[in-house]
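Raw model-v2.tsv, TSV, C-alpha atoms:
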```
chain	number	residue	atom	x	y	z
A	1	MET	CA	4.16	-89.36	-17.43
A	2	LEU	CA	3.23	-92.72	-15.95
A	3	ALA	CA	4.93	-95.49	-17.92
A	4	GLU	CA	5.76	-99.12	-17.11
A	5	ARG	CA	9.01	-98.18	-15.35
A	6	GLU	CA	7.30	-95.67	-13.06
A	7	LEU	CA	4.50	-98.09	-12.22
A	8	ARG	CA	7.03	-100.81	-11.40
A	9	GLU	CA	8.85	-98.42	-9.05
A	10	LEU	CA	5.61	-97.65	-7.21
A	11	LEU	CA	4.76	-101.33	-6.85
A	12	GLN	CA	8.19	-102.17	-5.46
A	13	PHE	CA	8.33	-99.32	-2.93
A	14	VAL	CA	7.50	-100.54	0.58
A	15	SER	CA	8.44	-98.31	3.50
A	16	PRO	CA	8.85	-98.66	7.27
A	17	ASP	CA	7.38	-95.13	7.38
A	18	PRO	CA	3.85	-94.15	6.25
A	19	VAL	CA	3.34	-93.34	2.57
A	20	LEU	CA	0.79	-90.65	1.73
A	21	SER	CA	-1.05	-91.18	-1.58
A	22	VAL	CA	-3.19	-88.36	-2.98
A	23	TYR	CA	-5.40	-88.38	-6.07
A	24	LEU	CA	-6.90	-85.01	-7.00
A	25	ASN	CA	-9.39	-84.25	-9.76
A	26	THR	CA	-8.29	-81.09	-11.60
A	27	ASP	CA	-10.67	-81.33	-14.55
A	28	PRO	CA	-11.37	-77.71	-15.67
A	29	SER	CA	-15.10	-78.54	-15.77
A	30	ALA	CA	-14.98	-79.20	-12.00
A	31	GLY	CA	-13.72	-75.74	-10.97
A	32	ASN	CA	-10.58	-73.61	-10.89
A	33	SER	CA	-7.23	-73.77	-9.10
A	34	ASP	CA	-8.61	-72.12	-5.94
A	35	ALA	CA	-11.40	-74.70	-5.74
A	36	TYR	CA	-8.90	-77.53	-6.25
A	37	ARG	CA	-6.63	-76.24	-3.47
A	38	LEU	CA	-9.60	-75.97	-1.11
A	39	ARG	CA	-10.61	-79.57	-1.86
A	40	LEU	CA	-7.02	-80.65	-1.32
A	41	ARG	CA	-6.85	-78.93	2.08
A	42	ASN	CA	-10.09	-80.64	3.11
A	43	LEU	CA	-8.77	-84.02	1.96
A	44	LEU	CA	-5.58	-83.59	3.98
A	45	LYS	CA	-7.22	-82.32	7.20
A	46	GLY	CA	-7.19	-85.66	8.95
A	47	VAL	CA	-3.69	-86.69	7.85
A	48	ASN	CA	-1.14	-86.55	10.67
A	49	LEU	CA	1.96	-86.47	8.47
A	50	PRO	CA	2.99	-82.78	8.57
A	51	ASP	CA	6.10	-83.08	6.40
A	52	ASP	CA	4.26	-84.96	3.65
A	53	VAL	CA	1.25	-82.66	3.79
A	54	ALA	CA	3.53	-79.60	3.52
A	55	ALA	CA	5.42	-81.10	0.56
A	56	ILE	CA	2.21	-81.81	-1.31
A	57	GLU	CA	0.65	-78.42	-0.57
A	58	ASN	CA	3.86	-76.67	-1.69
A	59	TYR	CA	3.84	-78.61	-4.94
A	60	PHE	CA	0.30	-77.50	-5.77
A	61	GLN	CA	1.01	-73.94	-4.65
A	62	TRP	CA	4.20	-73.38	-6.64
A	63	GLU	CA	4.84	-76.11	-9.21
A	64	TYR	CA	1.68	-77.67	-10.63
A	65	ASP	CA	0.57	-75.88	-13.82
A	66	TRP	CA	-3.11	-77.01	-13.63
A	67	SER	CA	-3.06	-78.04	-17.30
A	68	GLY	CA	-4.18	-81.65	-16.80
A	69	LYS	CA	-7.44	-83.22	-15.66
A	70	GLY	CA	-6.03	-85.19	-12.75
A	71	VAL	CA	-2.88	-85.55	-10.70
A	72	VAL	CA	-1.45	-88.27	-8.47
A	73	VAL	CA	1.10	-87.58	-5.71
A	74	PHE	CA	2.97	-90.04	-3.49
A	75	SER	CA	5.03	-88.79	-0.55
A	76	CYS	CA	7.13	-90.40	2.16
A	77	ALA	CA	9.28	-87.63	3.63
A	78	PRO	CA	11.47	-89.80	5.93
A	79	GLN	CA	12.48	-91.90	2.90
A	80	LYS	CA	12.86	-88.80	0.67
A	81	PHE	CA	10.30	-90.32	-1.69
A	82	PHE	CA	8.16	-87.85	-3.64
A	83	ARG	CA	6.55	-88.68	-6.99
A	84	VAL	CA	4.03	-86.71	-9.05
A	85	TYR	CA	2.10	-87.88	-12.12
A	86	PRO	CA	-0.14	-85.36	-13.92
A	87	LEU	CA	-2.80	-87.12	-16.02
A	88	ALA	CA	-4.89	-86.24	-19.05
A	89	ILE	CA	-7.95	-87.94	-17.53
A	90	PRO	CA	-9.94	-87.09	-14.38
A	91	VAL	CA	-9.41	-89.06	-11.17
A	92	PRO	CA	-11.56	-89.33	-8.03
A	93	ASP	CA	-10.41	-87.37	-4.97
A	94	VAL	CA	-8.68	-89.91	-2.72
A	95	VAL	CA	-6.28	-89.79	0.23
A	96	HIS	CA	-4.68	-93.00	1.47
A	97	VAL	CA	-2.01	-93.75	4.09
A	98	SER	CA	-0.21	-97.09	4.10
A	99	ASP	CA	3.25	-98.64	4.04
A	100	ARG	CA	3.26	-98.42	0.23
A	101	PRO	CA	1.81	-96.22	-2.53
A	102	SER	CA	-1.88	-96.86	-3.12
A	103	VAL	CA	-2.28	-98.03	-6.73
A	104	ARG	CA	-5.98	-98.95	-6.57
A	105	VAL	CA	-7.13	-95.93	-8.61
A	106	LEU	CA	-4.20	-96.32	-11.02
A	107	ALA	CA	-5.19	-99.95	-11.58
A	108	ASP	CA	-8.69	-98.80	-12.50
A	109	LEU	CA	-7.36	-96.13	-14.87
A	110	LEU	CA	-4.92	-98.54	-16.52
A	111	ASP	CA	-7.71	-101.08	-16.95
A	112	SER	CA	-10.02	-98.51	-18.57
A	113	TYR	CA	-7.64	-96.20	-20.45
A	114	GLY	CA	-4.34	-98.00	-20.79
A	115	GLY	CA	-2.69	-99.44	-23.87
A	116	TYR	CA	-4.96	-98.50	-26.79
A	117	GLY	CA	-3.52	-99.10	-30.25
A	118	VAL	CA	-5.48	-97.49	-33.08
A	119	VAL	CA	-4.93	-98.13	-36.79
A	120	LEU	CA	-6.41	-96.00	-39.56
A	121	VAL	CA	-6.05	-97.99	-42.76
A	122	ASP	CA	-6.73	-97.53	-46.46
A	123	LYS	CA	-5.54	-99.28	-49.61
A	124	GLN	CA	-2.21	-97.46	-49.68
A	125	GLY	CA	-1.07	-97.35	-46.08
A	126	ALA	CA	-1.86	-96.90	-42.42
A	127	ARG	CA	-1.58	-94.41	-39.59
A	128	LEU	CA	-0.91	-95.85	-36.15
A	129	PHE	CA	-1.57	-94.31	-32.76
A	130	PHE	CA	-0.81	-95.41	-29.22
A	131	PHE	CA	-2.99	-93.79	-26.56
A	132	HIS	CA	-2.21	-94.35	-22.88
A	133	LEU	CA	-4.20	-92.83	-20.02
A	134	GLY	CA	-5.83	-90.35	-22.38
A	135	GLU	CA	-2.57	-89.16	-23.95
A	136	LEU	CA	-1.15	-89.66	-27.43
A	137	ARG	CA	2.12	-91.40	-26.63
A	138	GLU	CA	3.22	-92.51	-30.09
A	139	GLN	CA	2.21	-91.88	-33.71
A	140	GLU	CA	3.65	-93.40	-36.86
A	141	GLY	CA	2.63	-94.12	-40.43
A	142	VAL	CA	3.46	-96.27	-43.41
A	143	VAL	CA	2.72	-95.50	-47.06
A	144	GLY	CA	2.94	-98.04	-49.86
A	145	GLU	CA	2.60	-97.91	-53.61
A	146	ALA	CA	-0.14	-95.68	-55.01
A	147	VAL	CA	-3.19	-97.57	-56.27
A	148	LYS	CA	-3.87	-96.14	-59.72
A	149	ARG	CA	-7.12	-96.78	-61.55
A	150	VAL	CA	-7.39	-96.90	-65.32
A	151	LYS	CA	-10.25	-95.39	-67.23
A	152	ARG	CA	-13.43	-97.46	-67.52
A	153	GLY	CA	-13.19	-99.85	-70.44
A	154	GLY	CA	-9.42	-99.56	-70.73
A	155	ALA	CA	-8.53	-102.42	-68.41
A	156	SER	CA	-8.43	-105.06	-71.19
A	157	THR	CA	-5.25	-103.45	-72.52
A	158	VAL	CA	-3.44	-103.89	-69.20
A	159	PRO	CA	-1.50	-107.13	-68.64
A	160	GLY	CA	-3.26	-109.29	-66.08
A	161	ALA	CA	-6.58	-107.43	-66.39
A	162	LEU	CA	-9.69	-108.84	-64.68
A	163	GLY	CA	-12.03	-107.66	-67.40
A	164	GLY	CA	-12.19	-103.97	-66.56
A	165	ILE	CA	-14.77	-103.97	-63.72
A	166	ALA	CA	-14.90	-100.23	-62.90
A	167	GLY	CA	-11.28	-100.01	-64.01
A	168	ARG	CA	-10.14	-102.60	-61.45
A	169	THR	CA	-7.26	-104.86	-62.49
A	170	ARG	CA	-5.35	-107.77	-61.07
A	171	HIS	CA	-2.33	-105.49	-60.84
A	172	MET	CA	-4.33	-103.11	-58.64
A	173	GLU	CA	-5.43	-105.96	-56.40
A	174	GLU	CA	-1.82	-107.09	-56.06
A	175	VAL	CA	-0.73	-103.56	-55.13
A	176	VAL	CA	-3.48	-103.30	-52.51
A	177	GLU	CA	-2.61	-106.69	-51.02
A	178	ARG	CA	1.08	-105.82	-50.90
A	179	ASN	CA	0.34	-102.49	-49.23
A	180	MET	CA	-1.94	-104.18	-46.71
A	181	LYS	CA	0.67	-106.79	-45.83
A	182	ASP	CA	3.29	-104.07	-45.37
A	183	SER	CA	0.89	-102.12	-43.15
A	184	VAL	CA	0.13	-105.20	-41.04
A	185	GLU	CA	3.83	-105.98	-40.62
A	186	PHE	CA	4.51	-102.40	-39.60
A	187	ALA	CA	1.51	-102.41	-37.22
A	188	VAL	CA	2.61	-105.60	-35.47
A	189	GLN	CA	6.02	-104.07	-34.78
A	190	PHE	CA	4.29	-100.95	-33.48
A	191	PHE	CA	1.97	-102.99	-31.21
A	192	GLU	CA	4.89	-104.98	-29.79
A	193	ALA	CA	7.06	-101.92	-29.17
A	194	ASN	CA	4.25	-100.15	-27.28
A	195	ARG	CA	2.86	-103.20	-25.46
A	196	VAL	CA	-0.61	-102.59	-26.83
A	197	ARG	CA	-3.39	-104.27	-24.81
A	198	ARG	CA	-6.34	-103.60	-27.13
A	199	ILE	CA	-6.70	-102.57	-30.75
A	200	LEU	CA	-9.26	-100.51	-32.65
A	201	LEU	CA	-9.38	-100.24	-36.43
A	202	GLY	CA	-10.59	-97.22	-38.38
A	203	GLY	CA	-11.46	-96.99	-42.08
A	204	SER	CA	-13.96	-98.39	-44.55
A	205	ASP	CA	-15.54	-101.78	-43.81
A	206	GLU	CA	-13.70	-103.31	-46.77
A	207	ASN	CA	-10.27	-102.01	-45.77
A	208	VAL	CA	-10.73	-102.86	-42.09
A	209	ALA	CA	-11.86	-106.40	-42.92
A	210	GLN	CA	-8.88	-107.01	-45.20
A	211	PHE	CA	-6.40	-105.58	-42.70
A	212	ARG	CA	-7.83	-107.62	-39.84
A	213	SER	CA	-7.78	-110.85	-41.85
A	214	LEU	CA	-4.03	-110.41	-42.41
A	215	LEU	CA	-3.22	-109.83	-38.73
A	216	PRO	CA	-1.69	-112.77	-36.83
A	217	LYS	CA	-4.36	-114.49	-34.70
A	218	ALA	CA	-2.75	-113.33	-31.44
A	219	TRP	CA	-3.28	-109.71	-32.47
A	220	GLN	CA	-6.71	-110.37	-33.99
A	221	SER	CA	-7.85	-111.44	-30.52
A	222	LEU	CA	-7.01	-107.95	-29.20
A	223	VAL	CA	-9.21	-106.13	-31.73
A	224	VAL	CA	-12.15	-104.77	-29.73
A	225	GLY	CA	-13.92	-102.73	-32.38
A	226	HIS	CA	-13.80	-100.69	-35.57
A	227	PHE	CA	-15.23	-97.42	-36.84
A	228	PRO	CA	-15.34	-95.31	-40.02
A	229	MET	CA	-12.67	-92.61	-39.98
A	230	ASN	CA	-10.95	-90.40	-42.53
A	231	MET	CA	-7.23	-91.03	-42.92
A	232	ASN	CA	-6.54	-87.33	-42.34
A	233	ALA	CA	-8.41	-87.14	-39.02
A	234	GLY	CA	-6.67	-85.33	-36.17
A	235	HIS	CA	-5.47	-87.29	-33.15
A	236	ALA	CA	-8.06	-85.68	-30.84
A	237	GLU	CA	-10.86	-86.93	-33.11
A	238	VAL	CA	-9.27	-90.36	-33.30
A	239	LEU	CA	-8.87	-90.53	-29.52
A	240	SER	CA	-12.46	-89.47	-28.88
A	241	LYS	CA	-13.91	-92.09	-31.24
A	242	ALA	CA	-11.53	-94.80	-30.03
A	243	MET	CA	-12.48	-94.21	-26.39
A	244	GLU	CA	-16.19	-94.23	-27.25
A	245	ILE	CA	-15.98	-97.54	-29.11
A	246	GLY	CA	-13.43	-98.99	-26.70
A	247	GLN	CA	-15.51	-98.32	-23.58
A	248	LYS	CA	-18.59	-99.98	-25.10
A	249	ALA	CA	-16.51	-103.02	-26.02
A	250	GLU	CA	-14.97	-103.02	-22.53
A	251	GLN	CA	-18.41	-103.19	-20.89
A	252	ARG	CA	-19.34	-106.25	-22.91
A	253	ARG	CA	-15.98	-107.87	-22.22
A	254	GLU	CA	-16.43	-107.29	-18.48
A	255	GLU	CA	-19.85	-108.97	-18.57
A	256	LEU	CA	-18.36	-112.07	-20.21
A	257	LEU	CA	-15.41	-112.01	-17.79
A	258	ILE	CA	-17.68	-112.03	-14.72
A	259	GLU	CA	-19.81	-114.85	-16.15
A	260	ASP	CA	-16.67	-116.90	-16.74
A	261	LEU	CA	-15.28	-116.10	-13.26
A	262	ILE	CA	-18.45	-117.14	-11.44
A	263	THR	CA	-18.93	-120.29	-13.54
A	264	ARG	CA	-15.36	-121.45	-13.05
A	265	ALA	CA	-15.41	-120.65	-9.33
A	266	ALA	CA	-18.64	-122.66	-8.89
A	267	LYS	CA	-16.95	-125.61	-10.62
A	268	ASN	CA	-13.73	-125.13	-8.62
A	269	SER	CA	-11.97	-124.84	-11.97
A	270	GLY	CA	-9.17	-122.28	-11.73
A	271	ALA	CA	-11.09	-119.41	-10.14
A	272	VAL	CA	-12.38	-118.22	-6.76
A	273	THR	CA	-14.81	-115.58	-5.54
A	274	GLY	CA	-15.26	-113.83	-2.20
A	275	LEU	CA	-12.75	-112.01	-0.03
A	276	GLU	CA	-11.35	-114.89	2.04
A	277	ALA	CA	-10.71	-117.24	-0.88
A	278	THR	CA	-9.24	-114.42	-2.95
A	279	LEU	CA	-6.90	-113.26	-0.18
A	280	GLU	CA	-5.70	-116.84	0.26
A	281	ALA	CA	-4.85	-116.97	-3.46
A	282	VAL	CA	-3.14	-113.57	-3.27
A	283	SER	CA	-1.06	-114.79	-0.29
A	284	GLY	CA	0.29	-117.63	-2.39
A	285	ASP	CA	0.91	-115.45	-5.47
A	286	ARG	CA	-1.47	-117.73	-7.37
A	287	VAL	CA	-3.52	-114.95	-8.98
A	288	SER	CA	-3.24	-114.43	-12.71
A	289	THR	CA	-6.10	-111.90	-12.85
A	290	LEU	CA	-7.66	-110.17	-9.86
A	291	VAL	CA	-11.25	-109.03	-10.41
A	292	VAL	CA	-12.68	-106.42	-8.06
A	293	ALA	CA	-15.73	-104.17	-7.96
A	294	GLN	CA	-14.93	-100.48	-8.19
A	295	GLY	CA	-14.82	-98.88	-4.73
A	296	TYR	CA	-14.81	-102.15	-2.79
A	297	GLN	CA	-12.83	-101.77	0.43
A	298	GLN	CA	-12.48	-104.13	3.36
A	299	PRO	CA	-10.05	-104.54	6.28
A	300	ALA	CA	-8.19	-107.80	6.83
A	301	TYR	CA	-5.25	-109.29	8.71
A	302	ARG	CA	-1.72	-109.97	7.48
A	303	CYS	CA	1.11	-111.97	9.01
A	304	THR	CA	4.23	-109.84	9.36
A	305	HIS	CA	6.43	-112.92	8.96
A	306	CYS	CA	5.08	-115.02	6.06
A	307	GLY	CA	2.63	-112.53	4.49
A	308	TYR	CA	-0.46	-114.72	5.00
A	309	LEU	CA	-3.70	-112.77	4.42
A	310	THR	CA	-7.11	-113.46	5.93
A	311	ALA	CA	-10.39	-111.64	6.42
A	312	LYS	CA	-10.94	-113.57	9.67
A	313	ILE	CA	-10.11	-111.97	13.00
A	314	VAL	CA	-6.97	-113.73	14.23
A	315	THR	CA	-4.22	-112.89	16.71
A	316	THR	CA	-1.53	-115.25	15.41
A	317	CYS	CA	-0.85	-116.58	11.94
A	318	PRO	CA	-2.45	-120.03	11.39
A	319	VAL	CA	0.34	-120.88	8.93
A	320	CYS	CA	3.55	-119.95	10.75
A	321	GLY	CA	2.43	-118.68	14.16
A	322	GLY	CA	3.81	-115.21	13.45
A	323	GLU	CA	2.47	-111.83	14.52
A	324	VAL	CA	-0.67	-110.69	12.70
A	325	ARG	CA	-1.56	-107.05	12.09
A	326	GLU	CA	-4.73	-105.49	10.75
A	327	ILE	CA	-4.52	-103.73	7.40
A	328	PRO	CA	-7.28	-101.16	6.82
A	329	ASP	CA	-7.72	-101.85	3.09
A	330	ALA	CA	-7.03	-105.43	2.08
A	331	VAL	CA	-8.30	-104.83	-1.44
A	332	ASP	CA	-5.75	-102.11	-2.11
A	333	PHE	CA	-3.05	-104.41	-0.71
A	334	ALA	CA	-4.25	-107.30	-2.91
A	335	ILE	CA	-4.20	-105.12	-6.01
A	336	SER	CA	-0.64	-103.98	-5.31
A	337	ARG	CA	0.62	-107.47	-4.55
A	338	THR	CA	-1.04	-108.99	-7.64
A	339	MET	CA	0.46	-106.37	-9.94
A	340	ARG	CA	3.86	-106.71	-8.27
A	341	ALA	CA	3.76	-110.46	-8.93
A	342	GLY	CA	3.04	-109.87	-12.61
A	343	GLY	CA	-0.71	-110.49	-12.49
A	344	ASP	CA	-3.45	-108.41	-14.10
A	345	VAL	CA	-6.17	-106.41	-12.35
A	346	GLU	CA	-9.69	-105.93	-13.70
A	347	VAL	CA	-11.73	-103.20	-12.00
A	348	ILE	CA	-15.42	-103.74	-12.72
A	349	HIS	CA	-17.57	-100.61	-12.70
A	350	ALA	CA	-21.05	-102.12	-12.56
A	351	SER	CA	-21.94	-105.78	-12.05
A	352	ASP	CA	-24.73	-107.11	-9.85
A	353	GLN	CA	-23.36	-110.60	-10.43
A	354	LEU	CA	-19.95	-109.69	-9.00
A	355	ILE	CA	-21.53	-107.93	-6.01
A	356	LYS	CA	-23.56	-111.04	-5.21
A	357	ALA	CA	-20.40	-113.13	-5.50
A	358	GLY	CA	-18.65	-111.03	-2.85
A	359	GLN	CA	-17.36	-108.08	-4.94
A	360	ILE	CA	-13.98	-109.72	-5.50
A	361	GLY	CA	-12.55	-112.82	-7.13
A	362	ALA	CA	-9.59	-114.14	-9.07
A	363	PHE	CA	-8.55	-116.35	-11.93
A	364	LEU	CA	-5.72	-118.57	-10.72
A	365	ARG	CA	-2.37	-119.52	-12.18
A	366	TYR	CA	-2.73	-123.04	-10.76
```
Output the file's structure as structure tokens, nothing else.
Amino acid sequence: MLAERELRELLQFVSPDPVLSVYLNTDPSAGNSDAYRLRLRNLLKGVNLPDDVAAIENYFQWEYDWSGKGVVVFSCAPQKFFRVYPLAIPVPDVVHVSDRPSVRVLADLLDSYGGYGVVLVDKQGARLFFFHLGELREQEGVVGEAVKRVKRGGASTVPGALGGIAGRTRHMEEVVERNMKDSVEFAVQFFEANRVRRILLGGSDENVAQFRSLLPKAWQSLVVGHFPMNMNAGHAEVLSKAMEIGQKAEQRREELLIEDLITRAAKNSGAVTGLEATLEAVSGDRVSTLVVAQGYQQPAYRCTHCGYLTAKIVTTCPVCGGEVREIPDAVDFAISRTMRAGGDVEVIHASDQLIKAGQIGAFLRY
């Protein structure tokens, strides 16, 4: 299971020896275990790290149970570093060799499937779910006082009656409001504990609207959509609907993000676009959010002394005069360094605007 602690370990691991990163799609719709092993062997053919290749092949031969849809393996035999993360979502087939684990694909998965909080709400209580990378990680519920209706026409005999509209009384409204407030309080604690990044609400339009209006503004800003859903729905149904609504909302959010990035970069107002300007910002740990087109890959040069990055061909560092070495995938390096420094990474799946702007950019801390 890939949680915050495991991701942090991967980001911090830098080795004097090569690190082999392997992403393998094991979605049952894409074949069987024999087909997966064949694809793995083909992926590893050009890798000249016999101990790491053997460790990975042995894992898939004897230990992996083929129950997931994707698996990620990192190996550095000289450092006795071997980590495996089965996933409930498919991954592209990727092999990468560097001085650190390649987290590019993980960054994409976390951006698309990480940190979903889902609330099913009615007038009495709420069910809360936390889905991360396609898995149900947490599920809780809260139930308040039952909302009891009186018979039509009998409401005038109840203290505090509103006139008996369909048996609805002020007491009932107070019970509903109290239940909603309790559900919101419980939900906020749930969101905080699970570090929820986006929220979806399920239930009737009336219940969803009331619940959302009671949320603190900081959490309201994370609500990306809502949908009708029965309170007794199974978690697989909830996950399916949440991902459907969430992905549509994510596409629209990405469009607005790119527009903002390009506008601010053009005004020189806290953003840059293009590889050279972005690498310069990454070098100075000035990136708050790195924005990169899916699949974009480009070599660059890095100073071994001060860490300066540039896409220009140089033999010595223009900052400190240190030795400069070529890195085959500067984008992967930039993603890792940004995440390690506490920044966010947005992987954009389809944007002509971003491609025209150089396929990469960043919002800056300062």
Report task. For Val95 in chain A, please output as a PyMOL selection string all residues within 8 Å (counting only C-alpha atoms; exclusion window: fewer than 4 positions along the same chain). Result -> chain A and resi 20-23+43-44
Requested in this report: Excluding Ala54 in chain A and any residue of its chain fewer than 6 positions from it, enumerate the residues within 12 Å of it, using all atoms listed in the file, and give them as a list in words.
Outcome: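 Once the adjacent positions are removed, what remains is Leu20, Leu40, Arg41, Leu44, Lys45, Val47, Asn48, Phe60, Gln61, Trp62, Ser75, Cys76, Ala77 and Phe82 of chain A.
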Save the residues we just selected, C-alpha atoms, as a PDB file, keeping the file's coordinate frame?
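Output file out.pdb follows:
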```pdb
ATOM      1  CA  LEU A  20       0.790 -90.650   1.730  1.00  0.00           C
ATOM      2  CA  LEU A  40      -7.020 -80.650  -1.320  1.00  0.00           C
ATOM      3  CA  ARG A  41      -6.850 -78.930   2.080  1.00  0.00           C
ATOM      4  CA  LEU A  44      -5.580 -83.590   3.980  1.00  0.00           C
ATOM      5  CA  LYS A  45      -7.220 -82.320   7.200  1.00  0.00           C
ATOM      6  CA  VAL A  47      -3.690 -86.690   7.850  1.00  0.00           C
ATOM      7  CA  ASN A  48      -1.140 -86.550  10.670  1.00  0.00           C
ATOM      8  CA  PHE A  60       0.300 -77.500  -5.770  1.00  0.00           C
ATOM      9  CA  GLN A  61       1.010 -73.940  -4.650  1.00  0.00           C
ATOM     10  CA  TRP A  62       4.200 -73.380  -6.640  1.00  0.00           C
ATOM     11  CA  SER A  75       5.030 -88.790  -0.550  1.00  0.00           C
ATOM     12  CA  CYS A  76       7.130 -90.400   2.160  1.00  0.00           C
ATOM     13  CA  ALA A  77       9.280 -87.630   3.630  1.00  0.00           C
ATOM     14  CA  PHE A  82       8.160 -87.850  -3.640  1.00  0.00           C
TER      15      PHE A  82
END
```
Query raised in the report: So which residues touch range 296-308 of chain A within 10 Å, counting all atoms listed in the file, skipping near sequence neighbours fewer than 3 positions away, as a PyMOL selection string?
Result: chain A and resi 275-276+279-284+292-293+311-333+347+355+358-360
Query - Among the residues A:Leu10, A:Val119, A:Ala88, A:Ala341, the one that comes closest to Val103 in chain A [using only C-alpha atoms] - result: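 Counting only C-alpha atoms, the residue closest to Val103 in chain A is A:Leu10.
Closest approach to Ala242 in chain A from the set A:Met180, A:Val223, A:Met339, A:Leu38 is made by A:Val223, with distances taken over only C-alpha atoms.
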**Report entry** Long-range neighbours of range 189-199 of chain A as a list in words, 7 Å cut-off, all atoms listed in the file, 5 positions minimum in chain
**Finding:** Gly115, Tyr116, Gly117, Val118, Leu222, Val223 and Val224 of chain A
Export of the given selection (C-alpha atoms) as an mmCIF file, in the coordinates of the input:
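The resulting file, out04.cif, is shown below:
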```
data_model
loop_
_atom_site.group_PDB
_atom_site.id
_atom_site.type_symbol
_atom_site.label_atom_id
_atom_site.label_comp_id
_atom_site.auth_asym_id
_atom_site.auth_seq_id
_atom_site.Cartn_x
_atom_site.Cartn_y
_atom_site.Cartn_z
ATOM 1 C CA GLY A 115 -2.690 -99.440 -23.870
ATOM 2 C CA TYR A 116 -4.960 -98.500 -26.790
ATOM 3 C CA GLY A 117 -3.520 -99.100 -30.250
ATOM 4 C CA VAL A 118 -5.480 -97.490 -33.080
ATOM 5 C CA LEU A 222 -7.010 -107.950 -29.200
ATOM 6 C CA VAL A 223 -9.210 -106.130 -31.730
ATOM 7 C CA VAL A 224 -12.150 -104.770 -29.730
#
```
Requested in this report: Provide the CA of Ala236 in chain A to CA of Arg178 in chain A distance in Å, to one decimal place.
Outcome: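 Atom-to-atom, CA of Ala236 in chain A and CA of Arg178 in chain A are spaced 29.9 Å apart.
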Query - Spatial neighbours of Asp260 in chain A, max dist 12 Å, all atoms listed in the file, sep filter under 3 positions, as a ChimeraX atom specification - result: /A:253-257,263-273,291,353-354,361-363
Query raised in the report: Any idea what the distance is between CA of Pro90 in chain A and CA of Ile348 in chain A?
Result: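 Taking CA of Pro90 in chain A as the start and CA of Ile348 in chain A as the end point, the length is 17.6 Å.
If all atoms listed in the file are the atoms counted, then among A:Gly295, A:Ser213, A:Ser33, A:Thr169 the closest residue to Val94 in chain A is A:Gly295.
From CA of Asn25 in chain A back to CA of Asn42 in chain A, the distance works out to 13.4 Å.
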Query raised in the report: Taking all atoms listed in the file into account, which of A:Glu63, A:Glu244, A:Glu259, A:Asp52 comes nearest Ser112 in chain A?
Result: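 Going through A:Glu63, A:Glu244, A:Glu259, A:Asp52 one by one, the smallest distance to Ser112 in chain A is for A:Glu244.
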